[in-house]
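*Asks:* Okay, handing you the structure first.
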Amino acid sequence: MHGTKHHLQKDFFLYNASKARSKTYINMREISERFRLPPSEYVIIPSTYDPHQEGEFILRVFSEKRSLSEEVENMIEADRPSPIIFVSDRANSNKELTADENAGKDGEKTQADKKKHEESEEQKQFRNIFRQIAGDDMEINAEELRNVLNNVVKKHKDLRSEGFELESCRSMIALMDTDGSGKINFDEFRHLWDKIKSWQKIFKRYDTDHSGTINSYEMRNAVNDAGFRLNNQLYDIITMRYADKNMNIDFDSFICCFVRLDAMFRAFHAFDKDGDGIIKLNVLEWLQLTLYAR
């Protein structure tokens, strides 16, 4: 391990053979083993016969010299959250911008020109659908958001998704609604949609059997690929909150989980003015943050 605390990925176990393990891996109430190993660094992995089961383990280590041990755990952090940039939306304008879209690119092209050039047919269709549903105020509520998302998702047959539930869209509205209007405008919606597209690619990557679900272990890796580093306790909470009885997570729950993570990290960074990783909220701020976002 050499001092690292990051969660071990599948490749580690594919290329590193175990030094010792229980002789009989069968479904018994209690298994006890004793091992004698040369001095070195070891990763000790308790496991249950059936997956996703709770168990208690007693580990005793005897050593001639002082021995240090610690839980393999990630630091709770996320990649720098991208802010939502607001610009006016006119009928004949293609100048919506997203944060850091043109960072590091040739300064000869503006972000608007690049956006106009790269806009796909799907995006053009998406913009037209948004305008048709949003109306003159160019804002949509949860039911309208559900219609927009499901109209696009149903075109992706490989997702095997039945679409988004209304409650899921209510959560998305609450988490993306920066002005507290109960609706989202095109900029907020565009930010949400860009995120959903990137998370959709991650979901497809781990849904190798095209079942429309990923399991809890794959979810841990998917969360990491999306730029979030969480500890074991938070991964357990995600499983309890979003997985079904078989510990599988469908596309709807997958996206809702990521929307919540993204929004909560952005909210935390907004309150963490001095960047020390600690925020202070009064009861009103706490209730506004948790009750509306639910």
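Chain identifiers are assigned as A, B, and so on, following the order in which chains appear in the structure tokens; residues are numbered from 1 within each chain, and ligands are numbered from 1 in order of appearance.
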Any chance you could list, as a VMD selection string, the residues in range 71-289 of chain A that come up alpha helix (DSSP H) when DSSP is run on the backbone?

*Replies:* chain A and resid 111 to 118 121 to 134 142 to 153 166 to 176 186 to 206 216 to 225 232 to 242 251 to 271 283 to 289

*Asks:* If we count only C-alpha atoms, what is near His269 in chain A at a cut-off of 10 Å, once residues fewer than 5 positions away on the same chain are taken out, given as a list in words?

*Replies:*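 Non-adjacent residues within range: Arg80, Pro81, Ala263, Met264, Asp274, Gly275, Asp276, Gly277, Ile278 and Ile279 of chain A.
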
*Asks:* Could you save the residues just selected, with C-alpha atoms, as an mmCIF file, in the first residue's frame?

*Replies:*
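And here is the file that came out, result.cif:
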data_model
loop_
_atom_site.group_PDB
_atom_site.id
_atom_site.type_symbol
_atom_site.label_atom_id
_atom_site.label_comp_id
_atom_site.auth_asym_id
_atom_site.auth_seq_id
_atom_site.Cartn_x
_atom_site.Cartn_y
_atom_site.Cartn_z
ATOM 1 C CA ARG A 80 -13.736 21.311 -8.753
ATOM 2 C CA PRO A 81 -17.477 21.830 -9.285
ATOM 3 C CA ALA A 263 -25.385 19.885 -6.061
ATOM 4 C CA MET A 264 -24.387 19.176 -2.445
ATOM 5 C CA ASP A 274 -12.187 30.214 3.506
ATOM 6 C CA GLY A 275 -11.650 26.753 2.019
ATOM 7 C CA ASP A 276 -10.889 25.025 5.320
ATOM 8 C CA GLY A 277 -13.394 22.207 4.729
ATOM 9 C CA ILE A 278 -15.717 23.388 7.515
ATOM 10 C CA ILE A 279 -18.954 25.338 7.177
#

*Asks:* What's the separation between CA of Ile214 in chain A and CA of Ser120 in chain A, in Å to one decimal place?

*Replies:* 28.8 Å

*Asks:* Using only C-alpha atoms, find the one residue out of A:Arg34, A:Lys19, A:His52, A:Lys201 that sits nearest to Ala243 in chain A.

*Replies:* A:His52

*Asks:* Could you state the separation of CA of Ile249 in chain A and CA of Thr213 in chain A in Å, given to one decimal place?

*Replies:* 5.2 Å

*Asks:* Just checking: using only C-alpha atoms, which residue out of A:Arg266, A:Arg29, A:Lys197, A:His7 ends up closest to Val153 in chain A?

*Replies:* A:Lys197

*Asks:* A:Glu30, A:Glu218, A:Asp187, A:Glu285: which is nearest Ile140 in chain A, counting only C-alpha atoms?

*Replies:* A:Asp187

*Asks:* Between CA of Gly212 in chain A and CA of Glu167 in chain A, measure the distance and give it in Å to one decimal.

*Replies:*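 If I compute the distance from CA of Gly212 in chain A to CA of Glu167 in chain A, I get 19.5 Å.
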
*Asks:* Which residues are near Gly182 in chain A? Cut-off 7 Å, only C-alpha atoms, ignore same chain within fewer than 3 positions. Put them as a compact mmCIF listing (two decimals) with N, CA and C atoms, in the first residue's frame.

*Replies:*
# COMPACT_ATOMS: atom_id res chain seq x y z
N ASN A 141 -40.90 23.43 -15.09
CA ASN A 141 -41.10 22.82 -13.78
C ASN A 141 -40.78 21.32 -13.86
N ILE A 173 -34.99 19.50 -10.03
CA ILE A 173 -35.37 20.91 -10.03
C ILE A 173 -34.86 21.57 -8.76
N ALA A 174 -35.10 20.93 -7.61
CA ALA A 174 -34.71 21.51 -6.33
C ALA A 174 -33.20 21.68 -6.23
N ASP A 177 -32.03 24.46 -8.97
CA ASP A 177 -32.73 25.74 -8.91
C ASP A 177 -31.92 26.73 -8.08

*Asks:* Using DSSP secondary structure from the backbone, list all strand (DSSP E or B) positions within range 3-238 of chain A, as a ChimeraX atom specification.

*Replies:* /A:77-78,139-140,184-185,213-215,228-229

*Asks:* Mind checking which residues fall within 12 Å of Asp250 in chain A, counting only C-alpha atoms, ignoring those fewer than 3 positions away in the same chain, and posting them as a ChimeraX atom specification?

*Replies:* /A:159-165,200,203-204,206-207,210-216,218-219,239,242-247,253-257

*Asks:* With N, CA and C atoms retained, export the selected residues as a short mmCIF file (atom, residue, chain, number, x, y, z; two decimals), in the first residue's frame.

*Replies:*
data_model
loop_
_atom_site.label_atom_id
_atom_site.label_comp_id
_atom_site.auth_asym_id
_atom_site.auth_seq_id
_atom_site.Cartn_x
_atom_site.Cartn_y
_atom_site.Cartn_z
N LEU A 159 -30.02 2.02 -23.16
CA LEU A 159 -30.10 2.29 -21.72
C LEU A 159 -31.11 1.38 -21.02
N ARG A 160 -32.05 0.86 -21.77
CA ARG A 160 -33.10 -0.01 -21.21
C ARG A 160 -33.77 0.67 -20.02
N SER A 161 -34.01 1.96 -20.17
CA SER A 161 -34.61 2.74 -19.09
C SER A 161 -36.07 3.05 -19.41
N GLU A 162 -36.91 3.00 -18.40
CA GLU A 162 -38.32 3.36 -18.56
C GLU A 162 -38.54 4.86 -18.40
N GLY A 163 -37.46 5.60 -18.23
CA GLY A 163 -37.57 7.04 -18.09
C GLY A 163 -37.48 7.48 -16.64
N PHE A 164 -37.59 8.77 -16.44
CA PHE A 164 -37.45 9.35 -15.11
C PHE A 164 -38.80 9.48 -14.42
N GLU A 165 -38.81 9.17 -13.14
CA GLU A 165 -40.02 9.35 -12.34
C GLU A 165 -40.20 10.84 -12.04
N GLN A 200 -24.25 9.50 -18.22
CA GLN A 200 -24.82 8.42 -19.03
C GLN A 200 -23.71 7.56 -19.61
N PHE A 203 -22.45 5.30 -16.91
CA PHE A 203 -23.41 4.22 -16.64
C PHE A 203 -23.28 3.11 -17.69
N LYS A 204 -23.19 3.49 -18.96
CA LYS A 204 -23.06 2.50 -20.03
C LYS A 204 -21.77 1.70 -19.88
N TYR A 206 -20.28 0.71 -17.22
CA TYR A 206 -20.36 -0.32 -16.19
C TYR A 206 -21.55 -1.26 -16.38
N ASP A 207 -22.52 -0.86 -17.18
CA ASP A 207 -23.64 -1.75 -17.48
C ASP A 207 -23.24 -2.66 -18.64
N HIS A 210 -25.87 -4.89 -20.28
CA HIS A 210 -27.01 -4.16 -20.87
C HIS A 210 -28.33 -4.52 -20.17
N SER A 211 -28.26 -4.66 -18.86
CA SER A 211 -29.44 -5.00 -18.08
C SER A 211 -30.23 -3.76 -17.67
N GLY A 212 -29.62 -2.58 -17.84
CA GLY A 212 -30.26 -1.34 -17.40
C GLY A 212 -29.98 -1.02 -15.95
N THR A 213 -29.10 -1.82 -15.32
CA THR A 213 -28.72 -1.59 -13.91
C THR A 213 -27.23 -1.84 -13.73
N ILE A 214 -26.67 -1.29 -12.66
CA ILE A 214 -25.31 -1.63 -12.24
C ILE A 214 -25.37 -2.02 -10.78
N ASN A 215 -24.43 -2.86 -10.34
CA ASN A 215 -24.46 -3.30 -8.95
C ASN A 215 -23.72 -2.31 -8.04
N SER A 216 -23.77 -2.57 -6.76
CA SER A 216 -23.24 -1.61 -5.79
C SER A 216 -21.72 -1.45 -5.90
N GLU A 218 -19.94 -1.77 -8.73
CA GLU A 218 -19.73 -0.95 -9.93
C GLU A 218 -20.09 0.50 -9.65
N MET A 219 -21.08 0.71 -8.79
CA MET A 219 -21.49 2.07 -8.44
C MET A 219 -20.35 2.81 -7.75
N THR A 239 -25.99 3.06 -1.36
CA THR A 239 -26.61 1.76 -1.64
C THR A 239 -27.97 1.65 -0.97
N TYR A 242 -30.42 4.27 -2.89
CA TYR A 242 -30.72 4.22 -4.32
C TYR A 242 -30.79 2.80 -4.92
N ALA A 243 -30.32 1.78 -4.21
CA ALA A 243 -30.34 0.43 -4.77
C ALA A 243 -31.65 -0.29 -4.47
N ASP A 244 -31.98 -1.28 -5.30
CA ASP A 244 -33.17 -2.09 -5.04
C ASP A 244 -32.82 -3.23 -4.09
N LYS A 245 -33.74 -4.16 -3.90
CA LYS A 245 -33.52 -5.25 -2.92
C LYS A 245 -32.36 -6.17 -3.33
N ASN A 246 -32.03 -6.17 -4.62
CA ASN A 246 -30.91 -6.99 -5.11
C ASN A 246 -29.61 -6.19 -5.17
N MET A 247 -29.62 -5.01 -4.60
CA MET A 247 -28.46 -4.12 -4.56
C MET A 247 -28.03 -3.66 -5.96
N SER A 253 -32.25 6.12 -10.80
CA SER A 253 -31.64 6.32 -9.47
C SER A 253 -30.18 6.75 -9.59
N PHE A 254 -29.50 6.20 -10.58
CA PHE A 254 -28.09 6.54 -10.82
C PHE A 254 -27.94 8.04 -11.07
N ILE A 255 -28.75 8.59 -11.97
CA ILE A 255 -28.67 10.02 -12.30
C ILE A 255 -29.07 10.87 -11.10
N CYS A 256 -30.13 10.46 -10.38
CA CYS A 256 -30.57 11.23 -9.22
C CYS A 256 -29.48 11.30 -8.16
N CYS A 257 -28.78 10.20 -7.96
CA CYS A 257 -27.68 10.18 -6.99
C CYS A 257 -26.59 11.16 -7.40
#

*Asks:* What lies within 12 Å of Asp79 in chain A using only C-alpha atoms, ignoring chain neighbours under 6 positions off, as a list in words?

*Replies:* Val223, Asn224, Asp225, Ala226, Gly227, Phe228, Arg229, Leu230, Leu261, Asp262, Phe265, Arg266 and His269 of chain A

*Asks:* Find the residues near Arg127 in chain A: any atom within 10 Å, counting only C-alpha atoms, skip ones fewer than 6 places away on the same chain, and give them as a PyMOL selection string.

*Replies:* chain A and resi 121+148+186+190

*Asks:* Would you put the residues from that selection into a file with all heavy atoms, as a compact mmCIF listing (two decimals), in the first residue's frame?

*Replies:*
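File written: part.txt
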# COMPACT_ATOMS: atom_id res chain seq x y z
N GLU A 121 -27.26 17.64 -34.03
CA GLU A 121 -28.68 17.65 -34.35
C GLU A 121 -29.52 17.37 -33.10
O GLU A 121 -30.59 17.94 -32.92
CB GLU A 121 -28.97 16.60 -35.42
CG GLU A 121 -28.47 16.98 -36.81
CD GLU A 121 -29.09 18.28 -37.31
OE1 GLU A 121 -30.30 18.47 -37.08
OE2 GLU A 121 -28.37 19.08 -37.92
N VAL A 148 -39.20 16.55 -21.17
CA VAL A 148 -38.01 16.82 -21.98
C VAL A 148 -37.02 15.67 -21.88
O VAL A 148 -36.54 15.15 -22.90
CB VAL A 148 -37.33 18.13 -21.54
CG1 VAL A 148 -36.04 18.34 -22.32
CG2 VAL A 148 -38.25 19.32 -21.78
N PHE A 186 -33.01 27.90 -18.96
CA PHE A 186 -32.27 27.13 -19.95
C PHE A 186 -30.82 26.90 -19.51
O PHE A 186 -30.26 25.83 -19.77
CB PHE A 186 -32.29 27.82 -21.31
CG PHE A 186 -31.67 26.99 -22.40
CD1 PHE A 186 -32.39 26.00 -23.03
CD2 PHE A 186 -30.34 27.19 -22.78
CE1 PHE A 186 -31.81 25.22 -24.03
CE2 PHE A 186 -29.76 26.41 -23.76
CZ PHE A 186 -30.50 25.42 -24.39
N ARG A 190 -29.31 23.43 -19.13
CA ARG A 190 -28.17 23.03 -19.98
C ARG A 190 -27.06 22.44 -19.13
O ARG A 190 -26.42 21.44 -19.50
CB ARG A 190 -27.67 24.24 -20.77
CG ARG A 190 -26.52 23.91 -21.72
CD ARG A 190 -26.96 22.82 -22.70
NE ARG A 190 -25.85 22.41 -23.53
CZ ARG A 190 -25.60 22.97 -24.71
NH1 ARG A 190 -26.35 23.96 -25.16
NH2 ARG A 190 -24.60 22.52 -25.44

*Asks:* Calculated over only C-alpha atoms, which of the candidates A:Val283, A:Leu37, A:Ile31, A:Ala78 has the smallest distance to Ser18 in chain A?

*Replies:*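 Among A:Val283, A:Leu37, A:Ile31, A:Ala78, it is A:Leu37 that comes nearest to Ser18 in chain A.
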